$ cat query24.txt   # compact mmCIF, C-alpha atoms
# COMPACT_ATOMS: atom_id res chain seq x y z
CA VAL A 470 37.94 58.79 -1.69
CA VAL A 471 41.44 58.22 -0.29
CA ALA A 472 39.96 56.12 2.52
CA THR A 473 38.30 53.88 -0.07
CA MET A 474 41.55 53.49 -2.00
CA ILE A 475 43.44 52.53 1.18
CA PHE A 476 40.64 50.20 2.35
CA TYR A 477 40.65 48.10 -0.82
CA GLY A 478 44.42 48.37 -1.17
CA LEU A 479 44.92 46.78 2.25
CA LYS A 480 42.61 43.93 1.25
CA ILE A 481 44.14 43.27 -2.17
CA ILE A 482 47.87 44.11 -2.18
CA THR A 483 50.35 41.56 -0.82
CA PRO A 484 52.96 43.13 1.50
CA ALA A 485 55.89 41.31 -0.16
CA PHE A 486 55.03 42.84 -3.54
CA PHE A 487 53.69 46.16 -2.28
CA LEU A 488 56.71 48.31 -3.26
CA VAL A 489 56.78 46.85 -6.79
CA THR A 490 53.00 47.17 -7.12
CA ILE A 491 52.77 50.80 -5.99
CA CYS A 492 55.70 51.76 -8.23
CA VAL A 493 54.06 50.17 -11.29
CA ILE A 494 50.64 51.67 -10.50
CA CYS A 495 52.15 55.16 -10.12
CA ALA A 496 54.07 54.69 -13.38
CA ILE A 497 50.91 53.74 -15.29
CA VAL A 498 48.85 56.60 -13.85
CA SER A 499 51.59 59.17 -14.39
CA LEU A 500 52.12 57.94 -17.95
CA ALA A 501 48.39 58.35 -18.60
CA ILE A 502 48.03 61.86 -17.13
CA GLY A 503 51.58 63.22 -17.61
CA SER A 504 51.93 64.58 -14.09
CA SER A 505 54.16 63.22 -11.33
CA TRP A 506 52.77 65.72 -8.80
CA SER A 507 49.14 64.75 -9.48
CA THR A 508 50.05 61.07 -9.24
CA MET A 509 51.87 61.54 -5.93
CA GLY A 510 49.01 63.66 -4.58
CA THR A 511 46.40 60.95 -5.28
CA ILE A 512 47.78 57.41 -5.70
CA GLY A 513 50.88 58.33 -3.70
CA VAL A 514 48.94 59.50 -0.64
CA ALA A 515 46.82 56.33 -0.69
CA GLY A 516 49.96 54.23 -1.17
CA MET A 517 51.59 55.80 1.89
CA GLY A 518 48.58 54.84 3.99
CA ILE A 519 48.53 51.26 2.73
CA GLY A 520 52.27 50.74 3.12
CA LEU A 521 52.48 52.26 6.60
CA SER A 522 49.61 50.02 7.71
CA MET A 523 51.68 47.05 6.53
CA GLY A 524 54.65 48.14 8.62
CA ILE A 525 56.80 49.20 5.65
CA PRO A 526 59.10 52.21 6.34
CA ALA A 527 57.83 55.53 4.99
CA GLY A 528 61.07 56.21 3.11
CA MET A 529 60.78 52.98 1.10
CA ILE A 530 57.15 53.65 0.21
CA ALA A 531 57.85 57.24 -0.87
CA GLY A 532 60.84 56.08 -2.91
CA ALA A 533 58.70 53.59 -4.82
CA VAL A 534 55.94 56.16 -5.36
CA ILE A 535 58.41 58.78 -6.64
CA SER A 536 60.18 56.28 -8.91
CA GLY A 537 56.94 55.28 -10.60
CA ALA A 538 55.53 58.81 -10.77
CA TYR A 539 58.66 60.30 -12.34
CA PHE A 540 59.12 57.40 -14.77
CA GLY A 541 55.59 57.90 -16.09
CA ASP A 542 55.95 61.69 -16.14
CA LYS A 543 59.19 61.48 -18.10
CA MET A 544 57.84 59.07 -20.72
CA SER A 545 54.43 60.69 -21.16
CA PRO A 546 53.69 62.88 -24.21
CA LEU A 547 51.33 64.83 -21.93
CA SER A 548 54.08 65.81 -19.46
CA ASP A 549 55.00 69.50 -19.24
CA THR A 550 58.71 68.81 -18.59
CA THR A 551 58.87 66.31 -21.46
CA ASN A 552 57.31 68.82 -23.85
CA LEU A 553 59.55 71.57 -22.46
CA ALA A 554 62.78 69.61 -23.03
CA ALA A 555 61.73 68.59 -26.54
CA GLY A 556 60.47 72.07 -27.46
CA LEU A 557 63.51 74.00 -26.21
CA THR A 558 65.89 71.79 -28.21
CA GLY A 559 63.77 71.61 -31.35
CA THR A 560 63.39 67.83 -31.05
CA ASP A 561 60.31 65.94 -32.20
CA LEU A 562 58.41 64.95 -29.06
CA PHE A 563 58.22 61.23 -29.85
CA VAL A 564 61.83 61.09 -31.05
CA HIS A 565 62.75 62.59 -27.66
CA ILE A 566 60.64 60.03 -25.75
CA LYS A 567 62.02 57.12 -27.77
CA HIS A 568 65.60 58.25 -27.14
CA MET A 569 64.97 58.34 -23.38
CA PHE A 570 64.36 54.57 -23.44
CA TYR A 571 68.15 54.03 -23.30
CA THR A 572 68.46 55.46 -19.81
CA THR A 573 64.94 55.35 -18.37
CA ILE A 574 64.01 51.72 -19.03
CA PRO A 575 67.18 50.29 -17.41
CA GLY A 576 66.63 52.71 -14.51
CA ILE A 577 63.08 51.57 -13.76
CA LEU A 578 63.98 47.87 -14.17
CA ILE A 579 66.83 48.22 -11.67
CA ALA A 580 64.51 50.07 -9.28
CA LEU A 581 61.82 47.37 -9.54
CA GLY A 582 64.44 44.70 -8.86
CA VAL A 583 65.56 46.53 -5.73
CA TYR A 584 61.95 47.02 -4.57
CA ALA A 585 61.27 43.30 -5.06
CA PHE A 586 64.33 42.50 -2.94
CA LEU A 587 63.39 44.99 -0.22
CA GLY A 588 59.76 43.90 -0.20
CA ASN A 589 60.73 40.28 0.37
CA ARG A 590 61.42 41.04 4.04
CA TYR A 591 57.81 42.21 4.49
CA LYS A 592 56.07 38.92 3.73
CA SER A 593 52.70 38.31 5.32
CA SER A 594 54.27 36.25 8.09
CA ASN A 595 56.24 39.25 9.28
CA ILE A 596 53.36 41.69 9.13
CA ASP A 597 51.16 42.77 12.01
CA GLN A 598 47.91 41.51 10.48
CA GLU A 599 46.00 42.57 13.57
CA GLY A 600 47.18 46.16 13.06
CA ILE A 601 46.09 46.03 9.41
CA ASN A 602 42.68 44.68 10.42
CA GLN A 603 42.33 47.47 13.00
CA THR A 604 43.09 50.07 10.34
CA ILE A 605 40.56 48.52 7.93
CA SER A 606 37.96 48.46 10.71
CA MET A 607 38.69 52.08 11.66
CA LEU A 608 38.35 53.23 8.04
CA ASP A 609 35.06 51.34 7.74
CA GLN A 610 33.74 53.01 10.91
CA SER A 611 34.92 56.53 10.06
CA PHE A 612 34.03 56.76 6.37
CA VAL A 613 31.48 55.52 3.87
CA ILE A 614 33.52 53.02 1.83
CA SER A 615 32.31 52.27 -1.67
CA PRO A 616 33.96 51.11 -4.92
CA TRP A 617 31.90 53.81 -6.66
CA LEU A 618 34.16 56.42 -5.03
CA LEU A 619 37.06 55.07 -7.10
CA LEU A 620 35.35 56.73 -10.08
CA VAL A 621 36.51 60.13 -8.78
CA PRO A 622 40.29 59.64 -9.36
CA LEU A 623 39.48 57.51 -12.41
CA ALA A 624 37.54 60.43 -13.91
CA VAL A 625 40.56 62.73 -13.54
CA ILE A 626 42.89 60.16 -15.10
CA VAL A 627 40.54 59.57 -18.04
CA LEU A 628 40.01 63.30 -18.67
CA VAL A 629 43.74 64.07 -18.79
CA ALA A 630 44.40 60.94 -20.89
CA LEU A 631 41.82 62.32 -23.35
CA LYS A 632 43.99 65.48 -23.50
CA VAL A 633 41.59 67.65 -21.52
CA PRO A 634 43.79 70.46 -20.11
CA ALA A 635 45.07 69.79 -16.60
CA ILE A 636 43.25 72.63 -14.81
CA PRO A 637 39.70 71.75 -16.03
CA ALA A 638 40.38 68.05 -15.37
CA LEU A 639 41.58 68.73 -11.83
CA LEU A 640 38.63 71.05 -11.23
CA VAL A 641 36.31 68.17 -12.12
CA GLY A 642 38.14 66.03 -9.53
CA ILE A 643 37.79 68.77 -6.90
CA LEU A 644 34.07 69.19 -7.64
CA LEU A 645 33.45 65.43 -7.46
CA GLY A 646 35.37 65.22 -4.18
CA PHE A 647 33.40 68.20 -2.84
CA LEU A 648 30.09 66.53 -3.73
CA SER A 649 31.28 63.18 -2.31
CA GLN A 650 31.91 64.74 1.09
CA ILE A 651 28.41 66.26 1.15
CA LEU A 652 26.28 63.62 -0.57
CA ILE A 653 28.08 60.39 0.40
CA GLN A 654 30.02 61.10 3.59
CA GLY A 655 27.17 63.06 5.15
CA GLY A 656 29.01 66.37 5.58
CA ASN A 657 27.60 69.82 4.89
CA VAL A 658 28.68 72.60 2.52
CA ALA A 659 30.49 74.47 5.30
CA ASP A 660 32.58 71.36 6.14
CA ALA A 661 33.44 70.82 2.49
CA VAL A 662 34.49 74.45 1.99
CA GLY A 663 36.54 74.26 5.19
CA ALA A 664 38.30 71.13 3.93
CA LEU A 665 39.16 72.89 0.67
CA GLN A 666 40.67 75.83 2.51
CA SER A 667 42.26 74.44 5.68
CA GLY A 668 42.23 70.68 5.17
CA TYR A 669 40.29 67.70 6.46
CA VAL A 670 40.10 67.10 10.23
CA ILE A 671 39.20 63.84 11.94
CA ASP A 672 39.82 62.29 15.36
CA THR A 673 39.48 58.49 15.26
CA GLY A 674 41.79 57.64 18.15
CA ASN A 675 44.02 55.73 15.70
CA ALA A 676 47.28 57.71 15.41
CA MET A 677 48.17 56.42 11.94
CA VAL A 678 44.73 57.12 10.47
CA ASP A 679 44.57 60.58 12.08
CA GLU A 680 48.04 61.51 10.81
CA LEU A 681 47.18 60.41 7.29
CA PHE A 682 43.83 62.20 6.98
CA ASN A 683 44.39 65.39 8.99
CA ARG A 684 45.94 67.26 6.10
CA GLY A 685 45.22 68.95 2.78
CA GLY A 686 43.58 72.21 1.80
CA LEU A 687 44.95 75.36 0.21
CA ASP A 688 46.64 76.40 3.46
CA SER A 689 48.92 73.34 3.49
CA MET A 690 50.19 74.13 -0.02
CA MET A 691 51.01 77.80 0.53
CA TYR A 692 54.57 77.01 1.62
CA THR A 693 55.12 75.08 -1.62
CA VAL A 694 53.55 77.88 -3.65
CA SER A 695 55.71 80.52 -1.97
CA MET A 696 58.81 78.37 -2.57
CA THR A 697 57.96 78.20 -6.29
CA ILE A 698 57.53 81.98 -6.51
CA VAL A 699 60.80 82.63 -4.67
CA ALA A 700 62.68 80.01 -6.72
CA MET A 701 61.46 81.43 -10.06
CA THR A 702 62.34 84.97 -8.95
CA PHE A 703 65.78 83.94 -7.71
CA GLY A 704 66.41 81.93 -10.90
CA GLY A 705 65.51 84.95 -13.02
CA ILE A 706 67.97 87.12 -11.09
CA LEU A 707 70.76 84.54 -11.49
CA GLU A 708 70.12 84.20 -15.22
CA TYR A 709 69.78 87.84 -16.16
CA SER A 710 72.65 88.98 -13.95
CA GLY A 711 74.94 86.59 -15.81
CA MET A 712 75.74 84.46 -12.74
CA LEU A 713 74.33 81.27 -14.26
CA GLN A 714 76.15 81.96 -17.53
CA SER A 715 79.39 82.17 -15.55
CA ILE A 716 78.69 78.85 -13.80
CA MET A 717 77.75 77.10 -17.05
CA SER A 718 80.81 78.37 -18.89
CA GLN A 719 83.02 76.82 -16.19
CA ILE A 720 81.22 73.49 -16.54
CA LEU A 721 81.51 73.66 -20.34
CA LYS A 722 85.32 73.72 -20.07
CA PHE A 723 85.19 70.01 -19.23
CA ALA A 724 83.14 69.16 -22.35
CA LYS A 725 85.88 67.91 -24.68
CA SER A 726 83.99 64.96 -26.17
CA ALA A 727 80.42 63.83 -26.76
CA GLY A 728 80.41 61.81 -23.54
CA SER A 729 81.85 64.61 -21.41
CA LEU A 730 79.44 67.12 -22.98
CA ILE A 731 76.43 64.99 -22.00
CA ALA A 732 77.89 64.45 -18.52
CA SER A 733 78.50 68.20 -18.20
CA THR A 734 74.89 68.88 -19.19
CA ILE A 735 73.60 66.55 -16.47
CA VAL A 736 75.91 68.15 -13.88
CA ALA A 737 74.74 71.61 -14.96
CA CYS A 738 71.09 70.59 -14.63
CA PHE A 739 71.66 69.26 -11.13
CA ALA A 740 73.64 72.38 -10.18
CA THR A 741 70.73 74.53 -11.39
CA ASN A 742 68.28 72.44 -9.37
CA ALA A 743 70.45 72.97 -6.30
CA THR A 744 71.07 76.71 -6.78
CA CYS A 745 67.75 77.86 -8.28
CA SER A 746 65.50 75.35 -6.45
CA GLU A 747 63.19 74.95 -9.44
CA GLN A 748 62.82 72.04 -11.86
CA TYR A 749 61.75 74.10 -14.87
CA ILE A 750 64.77 76.42 -14.64
CA SER A 751 67.05 73.36 -14.55
CA ILE A 752 65.76 72.50 -18.04
CA VAL A 753 65.42 75.97 -19.55
CA VAL A 754 68.82 77.45 -18.66
CA PRO A 755 71.08 74.49 -19.62
CA ALA A 756 69.09 74.07 -22.86
CA ARG A 757 70.04 77.63 -23.82
CA MET A 758 73.63 77.33 -22.66
CA PHE A 759 74.53 73.98 -24.23
CA SER A 760 72.62 73.92 -27.54
CA LYS A 761 75.46 75.45 -29.60
CA SER A 762 77.98 72.98 -28.18
CA TYR A 763 75.86 70.02 -29.30
CA THR A 764 75.54 71.53 -32.77
CA LYS A 765 79.32 72.06 -33.00
CA MET A 766 79.98 68.42 -32.13
CA GLY A 767 77.43 67.25 -34.69
CA LEU A 768 75.18 65.66 -32.09
CA HIS A 769 71.46 65.28 -32.70
CA SER A 770 69.30 67.53 -30.50
CA LYS A 771 67.68 64.42 -28.98
CA ASN A 772 70.89 63.86 -27.01
CA LEU A 773 70.54 67.28 -25.39
CA SER A 774 66.82 66.84 -24.67
CA ARG A 775 67.46 63.46 -23.03
CA ALA A 776 70.31 64.85 -20.92
CA LEU A 777 68.07 67.72 -19.79
CA GLU A 778 65.46 65.26 -18.51
CA ASP A 779 68.01 62.90 -16.94
CA GLY A 780 69.78 65.74 -15.18
CA GLY A 781 66.95 68.21 -14.62
CA THR A 782 63.64 66.41 -14.17
CA LEU A 783 64.94 63.43 -12.20
CA THR A 784 67.45 65.11 -9.88
CA SER A 785 64.99 67.76 -8.70
CA VAL A 786 63.65 65.35 -6.05
CA PHE A 787 67.12 64.97 -4.49
CA VAL A 788 67.34 68.61 -3.40
CA PRO A 789 65.48 69.30 -0.11
CA TRP A 790 64.94 72.99 -0.88
CA ASN A 791 63.87 72.40 -4.50
CA THR A 792 60.14 72.87 -5.11
CA CYS A 793 59.84 69.14 -5.92
CA GLY A 794 61.46 68.13 -2.62
CA VAL A 795 59.23 70.57 -0.75
CA PHE A 796 56.10 69.32 -2.54
CA ILE A 797 56.89 65.69 -1.70
CA LEU A 798 57.48 66.58 1.95
CA ALA A 799 54.13 68.42 2.07
CA THR A 800 52.22 65.71 0.19
CA LEU A 801 53.74 62.39 1.30
CA GLY A 802 55.14 63.62 4.62
CA VAL A 803 58.60 62.22 3.86
CA GLY A 804 61.81 64.25 3.59
CA VAL A 805 64.49 63.90 0.90
CA ALA A 806 67.07 62.24 3.16
CA GLU A 807 64.52 59.61 4.20
CA TYR A 808 63.39 58.52 0.73
$ encode --input "query24.txt" --output "structure tokens"
Amino acid sequence: VVATMIFYGLKIITPAFFLVTICVICAIVSLAIGSSWSTMGTIGVAGMGIGLSMGIPAGMIAGAVISGAYFGDKMSPLSDTTNLAAGLTGTDLFVHIKHMFYTTIPGILIALGVYAFLGNRYKSSNIDQEGINQTISMLDQSFVISPWLLLVPLAVIVLVALKVPAIPALLVGILLGFLSQILIQGGNVADAVGALQSGYVIDTGNAMVDELFNRGGLDSMMYTVSMTIVAMTFGGILEYSGMLQSIMSQILKFAKSAGSLIASTIVACFATNATCSEQYISIVVPARMFSKSYTKMGLHSKNLSRALEDGGTLTSVFVPWNTCGVFILATLGVGVAEY
């Protein structure tokens, strides 16, 4: 399925507009399904393959993928972090989303402008077209390429957009991928089960293609899973021992006005991301710690919910040891410092 997405992507997308295009596509998909991780794990992986084949640096591609995925996640009523921020602060979900327009829309427009500027140096004349053609040829030789395979990721997107819970929707995607490997790619059940557990293995002789496709499976995600477990455990210890309360109280001393209170909230969210290594904790703990201060200053709860997303959801990808940074490294193969 990924091979098909890359194959047609290389034929359709113009290198000069690739960064803008992949950012917008990821934004639309993430907005529809409410999950940045799912978007990065599907469209993002395909985007990395297309961009690398065009000679665009991995850091730039990952940056564009992450920008689009997190924009859509943040603005989607289906997103878990969006619902979490709104729910913890007692803010109506759509009031919360509407209020985020003030920071999120300018952010994505600036990002798209930068991607357009960066992409301008990768016009077709500067691209190794022969290398792209070799990649297309290698994909065509190694896989069965068919537009019908695009129905697999489309099915997942449609199911989640129709508010089917994430786990059943993803299970449908897994089952369709499983059947595609057996019925379309000519594999057997043992190969498909092996790919689910330990990842897909192929040796084409093309280093870029091999690096892109020799990955996946439950085994490759165990490091991310263990990081999540450790981060949640460590965050619980910090919260219930009073350590986080002590840190937050020190940050609150700088909150003398509405502006400084919002700034302090964002700093606290980032500090939680850095110390607890978990995105959800960076929303939950500051929400508890700062809610009374917003009430005292007569600020609407939507200001707190927006600050939680700006400081918690978005900064999680900037911390290498945060579960989001670890997930992106495992999925896109690009480290925090690079993107």
$ residues_around --input "query24.txt" --residues "Gln610 (chain A)" --least-positions-apart "3" --cutoff "12 Å" --atoms "all atoms listed in the file" --output "PDB file with C-alpha atoms, in the coordinates of the input"
ATOM      1  CA  ALA A 472      39.960  56.120   2.520  1.00  0.00           C
ATOM      2  CA  THR A 473      38.300  53.880  -0.070  1.00  0.00           C
ATOM      3  CA  PHE A 476      40.640  50.200   2.350  1.00  0.00           C
ATOM      4  CA  GLN A 603      42.330  47.470  13.000  1.00  0.00           C
ATOM      5  CA  THR A 604      43.090  50.070  10.340  1.00  0.00           C
ATOM      6  CA  ILE A 605      40.560  48.520   7.930  1.00  0.00           C
ATOM      7  CA  SER A 606      37.960  48.460  10.710  1.00  0.00           C
ATOM      8  CA  MET A 607      38.690  52.080  11.660  1.00  0.00           C
ATOM      9  CA  VAL A 613      31.480  55.520   3.870  1.00  0.00           C
ATOM     10  CA  ILE A 614      33.520  53.020   1.830  1.00  0.00           C
ATOM     11  CA  GLN A 654      30.020  61.100   3.590  1.00  0.00           C
ATOM     12  CA  ASP A 672      39.820  62.290  15.360  1.00  0.00           C
ATOM     13  CA  THR A 673      39.480  58.490  15.260  1.00  0.00           C
ATOM     14  CA  GLY A 674      41.790  57.640  18.150  1.00  0.00           C
ATOM     15  CA  ASN A 675      44.020  55.730  15.700  1.00  0.00           C
ATOM     16  CA  VAL A 678      44.730  57.120  10.470  1.00  0.00           C
TER      17      VAL A 678
END
$ closest_residue --input "query24.txt" --among "A:Thr551, A:Thr490, A:Thr741, A:Ser611" --to "Val564 (chain A)" --atoms "only C-alpha atoms"
A:Thr551
$ closest_residue --input "query24.txt" --among "A:Gly510, A:Gly767, A:Pro616, A:Gly804" --to "Gly686 (chain A)" --atoms "all atoms listed in the file"
A:Gly510
$ residues_around --input "query24.txt" --residues "region 480-484 of chain A" --least-positions-apart "2" --cutoff "6 Å" --atoms "only C-alpha atoms" --output "compact mmCIF listing (two decimals) with C-alpha atoms, in the coordinates of the input"
# COMPACT_ATOMS: atom_id res chain seq x y z
CA TYR A 477 40.65 48.10 -0.82
CA GLY A 478 44.42 48.37 -1.17
CA PHE A 486 55.03 42.84 -3.54
CA PHE A 487 53.69 46.16 -2.28
CA TYR A 591 57.81 42.21 4.49
CA LYS A 592 56.07 38.92 3.73
$ closest_residue --input "query24.txt" --among "A:Asp679, A:Val805, A:Ala740, A:Ala664" --to "Ile651 (chain A)" --atoms "all atoms listed in the file"
A:Ala664
$ atom_distance --input "query24.txt" --atom1 "CA of Gly668 (chain A)" --atom2 "CA of Arg684 (chain A)"
5.1 Å
$ atom_distance --input "query24.txt" --atom1 "CA of Gly685 (chain A)" --atom2 "CA of Gln650 (chain A)"
14.1 Å
$ closest_residue --input "query24.txt" --among "A:Ala776, A:Met509, A:Leu640, A:Met766" --to "Ile735 (chain A)" --atoms "all atoms listed in the file"
A:Ala776
$ residues_around --input "query24.txt" --residues "Asn772 (chain A)" --least-positions-apart "3" --cutoff "12 Å" --atoms "all atoms listed in the file" --output "PyMOL selection string"
chain A and resi 554-555+558-561+564-572+727-728+730-732+734-735+756+759-760+762-764+766-769+775-779
$ atom_distance --input "query24.txt" --atom1 "CA of Ile671 (chain A)" --atom2 "CA of Glu807 (chain A)"
26.8 Å
$ closest_atom_pairs --input "query24.txt" --of "region 630-712 of chain A" --to "region 539-549 of chain A" --cutoff "12 Å" --atoms "only C-alpha atoms" --output "JSON lines"
{"residue": "A:Ala630", "atom": "CA", "partner": "A:Leu547", "partner_atom": "CA", "distance": 8.0}
{"residue": "A:Leu631", "atom": "CA", "partner": "A:Leu547", "partner_atom": "CA", "distance": 9.9}
{"residue": "A:Lys632", "atom": "CA", "partner": "A:Leu547", "partner_atom": "CA", "distance": 7.5}
{"residue": "A:Val633", "atom": "CA", "partner": "A:Leu547", "partner_atom": "CA", "distance": 10.1}
{"residue": "A:Pro634", "atom": "CA", "partner": "A:Leu547", "partner_atom": "CA", "distance": 9.6}
{"residue": "A:Ala635", "atom": "CA", "partner": "A:Leu547", "partner_atom": "CA", "distance": 9.6}
$ residues_around --input "query24.txt" --residues "region 518-534 of chain A" --least-positions-apart "2" --cutoff "7 Å" --atoms "only C-alpha atoms" --output "mmCIF file with C-alpha atoms, in the coordinates of the input"
data_model
loop_
_atom_site.group_PDB
_atom_site.id
_atom_site.type_symbol
_atom_site.label_atom_id
_atom_site.label_comp_id
_atom_site.auth_asym_id
_atom_site.auth_seq_id
_atom_site.Cartn_x
_atom_site.Cartn_y
_atom_site.Cartn_z
ATOM 1 C CA ILE A 475 43.440 52.530 1.180
ATOM 2 C CA GLY A 478 44.420 48.370 -1.170
ATOM 3 C CA LEU A 479 44.920 46.780 2.250
ATOM 4 C CA PRO A 484 52.960 43.130 1.500
ATOM 5 C CA LEU A 488 56.710 48.310 -3.260
ATOM 6 C CA ILE A 491 52.770 50.800 -5.990
ATOM 7 C CA CYS A 492 55.700 51.760 -8.230
ATOM 8 C CA CYS A 495 52.150 55.160 -10.120
ATOM 9 C CA MET A 509 51.870 61.540 -5.930
ATOM 10 C CA GLY A 513 50.880 58.330 -3.700
ATOM 11 C CA VAL A 514 48.940 59.500 -0.640
ATOM 12 C CA ALA A 515 46.820 56.330 -0.690
ATOM 13 C CA GLY A 516 49.960 54.230 -1.170
ATOM 14 C CA SER A 536 60.180 56.280 -8.910
ATOM 15 C CA GLY A 537 56.940 55.280 -10.600
ATOM 16 C CA ALA A 538 55.530 58.810 -10.770
ATOM 17 C CA ILE A 596 53.360 41.690 9.130
ATOM 18 C CA ASP A 597 51.160 42.770 12.010
ATOM 19 C CA ILE A 601 46.090 46.030 9.410
ATOM 20 C CA LEU A 681 47.180 60.410 7.290
ATOM 21 C CA LEU A 801 53.740 62.390 1.300
ATOM 22 C CA VAL A 803 58.600 62.220 3.860
ATOM 23 C CA GLU A 807 64.520 59.610 4.200
ATOM 24 C CA TYR A 808 63.390 58.520 0.730
#
$ closest_residue --input "query24.txt" --among "A:Gly642, A:Gly704, A:Pro755, A:Gly780" --to "Phe739 (chain A)" --atoms "all atoms listed in the file"
A:Gly780
$ closest_residue --input "query24.txt" --among "A:Ile643, A:Val753, A:Ile497, A:Ile797" --to "Met701 (chain A)" --atoms "only C-alpha atoms"
A:Val753
$ residues_around --input "query24.txt" --residues "region 716-723 of chain A" --least-positions-apart "3" --cutoff "7 Å" --atoms "all atoms listed in the file" --output "VMD selection string"
chain A and resid 712 to 713 729 733 737 758
